[in-house]
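Asker: One structure is given below, represented as structure tokens, and several questions about it will come after.
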Amino acid sequence: MKDILNLTIEFAKEIQKTKEYLNLKKAKEINDKDHELKNNINKFNELSENVKNLIKNSSKKEEIDEENSKISLIYSKIVNNENMINFNKASNEMNILMNKINNILIKAVNGEDFESSCVEFNCGSCKKCSGKN
């Protein structure tokens with residue numbers, strides 16, 4: 001078992017060399033430096049907590065609606081922030097890679113043919129799986 005764990009550590013090091021990982025890391029770093037984005041996220045969290053408290057305290061619908069309108073505006077600013085858009089793209093690309101890796105490992109553990117698994121990101125173009133992997 002020690003050998004497989006050592007191989008896993010080496011594999012993890014290789015994952016950290018991929019463009020997907022490096023892009024995600026860079027996007028996180030950029031987001032961390034984006035003070036406007038951080039402020040909007042903090043404001044979003046504050047407003048969300050406030051709405052929870054208003055609902056908990058059976059506040060008037062108008063008060064809750066007003067806070068929800070503020071939340072929608074802040075949310076729009078967050079999701080339309082260029083750095084957040086880039087982060088979401090990088091995160092999606094990393095998730096695709098991890099899903100491919102997980103699918104191969106799951107097939108191996110289940111005794112299935114994992115060696116013919118599609119390794120392309122544009123699944124569907126691979127003749128081996130016809131987009132089913």
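Starting from 1 in every chain, residues are counted up; chains themselves are A, B, ... following the order of the structure tokens, and ligands are numbered from 1 as listed.
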Which residues are close to stretch 18-35 of chain A, i.e. within 12 Å by only C-alpha atoms, leaving aside same-chain residues fewer than 5 positions away? Reply as number ranges by chain.
Answerer: A: 11-13, 40-42, 78, 81-98, 121
Asker: Write down as a PyMOL selection string the residues belonging to chain A that are assigned helix (DSSP H, G or I) by DSSP computed on the backbone.
Answerer: chain A and resi 2-15+19-33+35-56+61-79+82-109
Asker: Which value, in Å to one decimal, gives the distance between atom CA of A:Ile55 and atom CA of A:Glu67?
Answerer: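 For atom CA of A:Ile55 relative to atom CA of A:Glu67, the distance reads 11.0 Å.
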Asker: Which residue gives the smallest distance to A:Lys77 among A:Lys38, A:Lys60, A:Lys2, A:Lys17, with only C-alpha atoms counted?
Answerer: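 Answer, going by the shortest atom-to-atom distance: A:Lys38.
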Asker: Just the residues within 12 Å of A:Ser72, please, counting only C-alpha atoms, with nothing from its chain fewer than 3 positions along; format it as a PyMOL selection string.
Answerer: chain A and resi 40-41+43-45+47-48+65-69+75-79
Asker: Let's have the selection written as a PDB file, in the first residue's frame, with N, CA and C atoms.
Answerer:
```pdb
ATOM      1  N   ASN A  40     -17.580  43.151  -2.567  1.00  0.00           N
ATOM      2  CA  ASN A  40     -18.908  42.734  -3.023  1.00  0.00           C
ATOM      3  C   ASN A  40     -19.299  41.369  -2.458  1.00  0.00           C
ATOM      4  N   ILE A  41     -18.358  40.473  -2.359  1.00  0.00           N
ATOM      5  CA  ILE A  41     -18.643  39.157  -1.774  1.00  0.00           C
ATOM      6  C   ILE A  41     -18.997  39.307  -0.295  1.00  0.00           C
ATOM      7  N   LYS A  43     -20.229  41.971   1.146  1.00  0.00           N
ATOM      8  CA  LYS A  43     -21.535  42.640   1.198  1.00  0.00           C
ATOM      9  C   LYS A  43     -22.642  41.643   0.888  1.00  0.00           C
ATOM     10  N   PHE A  44     -22.418  40.785  -0.107  1.00  0.00           N
ATOM     11  CA  PHE A  44     -23.391  39.751  -0.456  1.00  0.00           C
ATOM     12  C   PHE A  44     -23.666  38.851   0.755  1.00  0.00           C
ATOM     13  N   ASN A  45     -22.605  38.428   1.426  1.00  0.00           N
ATOM     14  CA  ASN A  45     -22.760  37.565   2.602  1.00  0.00           C
ATOM     15  C   ASN A  45     -23.498  38.273   3.734  1.00  0.00           C
ATOM     16  N   LEU A  47     -25.661  40.793   3.428  1.00  0.00           N
ATOM     17  CA  LEU A  47     -27.065  40.937   3.040  1.00  0.00           C
ATOM     18  C   LEU A  47     -27.817  39.613   3.144  1.00  0.00           C
ATOM     19  N   SER A  48     -27.164  38.528   2.751  1.00  0.00           N
ATOM     20  CA  SER A  48     -27.790  37.202   2.845  1.00  0.00           C
ATOM     21  C   SER A  48     -28.099  36.850   4.292  1.00  0.00           C
ATOM     22  N   ASP A  65     -38.019  41.836   0.636  1.00  0.00           N
ATOM     23  CA  ASP A  65     -37.902  42.090  -0.804  1.00  0.00           C
ATOM     24  C   ASP A  65     -36.845  43.147  -1.094  1.00  0.00           C
ATOM     25  N   GLU A  66     -36.789  44.183  -0.271  1.00  0.00           N
ATOM     26  CA  GLU A  66     -35.798  45.244  -0.457  1.00  0.00           C
ATOM     27  C   GLU A  66     -34.376  44.698  -0.309  1.00  0.00           C
ATOM     28  N   GLU A  67     -34.174  43.868   0.697  1.00  0.00           N
ATOM     29  CA  GLU A  67     -32.848  43.262   0.896  1.00  0.00           C
ATOM     30  C   GLU A  67     -32.510  42.300  -0.233  1.00  0.00           C
ATOM     31  N   ASN A  68     -33.503  41.543  -0.690  1.00  0.00           N
ATOM     32  CA  ASN A  68     -33.278  40.621  -1.805  1.00  0.00           C
ATOM     33  C   ASN A  68     -32.913  41.376  -3.081  1.00  0.00           C
ATOM     34  N   SER A  69     -33.475  42.543  -3.272  1.00  0.00           N
ATOM     35  CA  SER A  69     -33.114  43.375  -4.429  1.00  0.00           C
ATOM     36  C   SER A  69     -31.662  43.803  -4.342  1.00  0.00           C
ATOM     37  N   TYR A  75     -24.973  40.433  -6.399  1.00  0.00           N
ATOM     38  CA  TYR A  75     -24.682  39.167  -7.063  1.00  0.00           C
ATOM     39  C   TYR A  75     -24.320  39.394  -8.527  1.00  0.00           C
ATOM     40  N   SER A  76     -25.066  40.264  -9.178  1.00  0.00           N
ATOM     41  CA  SER A  76     -24.798  40.591 -10.575  1.00  0.00           C
ATOM     42  C   SER A  76     -23.400  41.188 -10.746  1.00  0.00           C
ATOM     43  N   LYS A  77     -23.011  42.043  -9.820  1.00  0.00           N
ATOM     44  CA  LYS A  77     -21.676  42.637  -9.875  1.00  0.00           C
ATOM     45  C   LYS A  77     -20.599  41.564  -9.706  1.00  0.00           C
ATOM     46  N   ILE A  78     -20.861  40.603  -8.838  1.00  0.00           N
ATOM     47  CA  ILE A  78     -19.886  39.534  -8.589  1.00  0.00           C
ATOM     48  C   ILE A  78     -19.722  38.652  -9.820  1.00  0.00           C
ATOM     49  N   VAL A  79     -20.835  38.153 -10.348  1.00  0.00           N
ATOM     50  CA  VAL A  79     -20.745  37.195 -11.459  1.00  0.00           C
ATOM     51  C   VAL A  79     -20.314  37.849 -12.769  1.00  0.00           C
TER      52      VAL A  79
END
```
Asker: Suppose you want the space between atom CA of A:Lys70 and atom CA of A:Asn53; what is it in Å?
Answerer: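 Here the two named atoms are 15.3 Å from each other.
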Asker: Looking at only C-alpha atoms, which of A:Leu105, A:Leu37, A:Val51, A:Ile9 is the one that sits closest to A:Ile71?
Answerer: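 Smallest separation from A:Ile71 among the options: A:Val51.
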Asker: Which value, in Å to one decimal, gives the distance between atom CA of A:Glu46 and atom CA of A:Asn80?
Answerer: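 Computing the Euclidean distance for atom CA of A:Glu46 and atom CA of A:Asn80 yields 19.4 Å.
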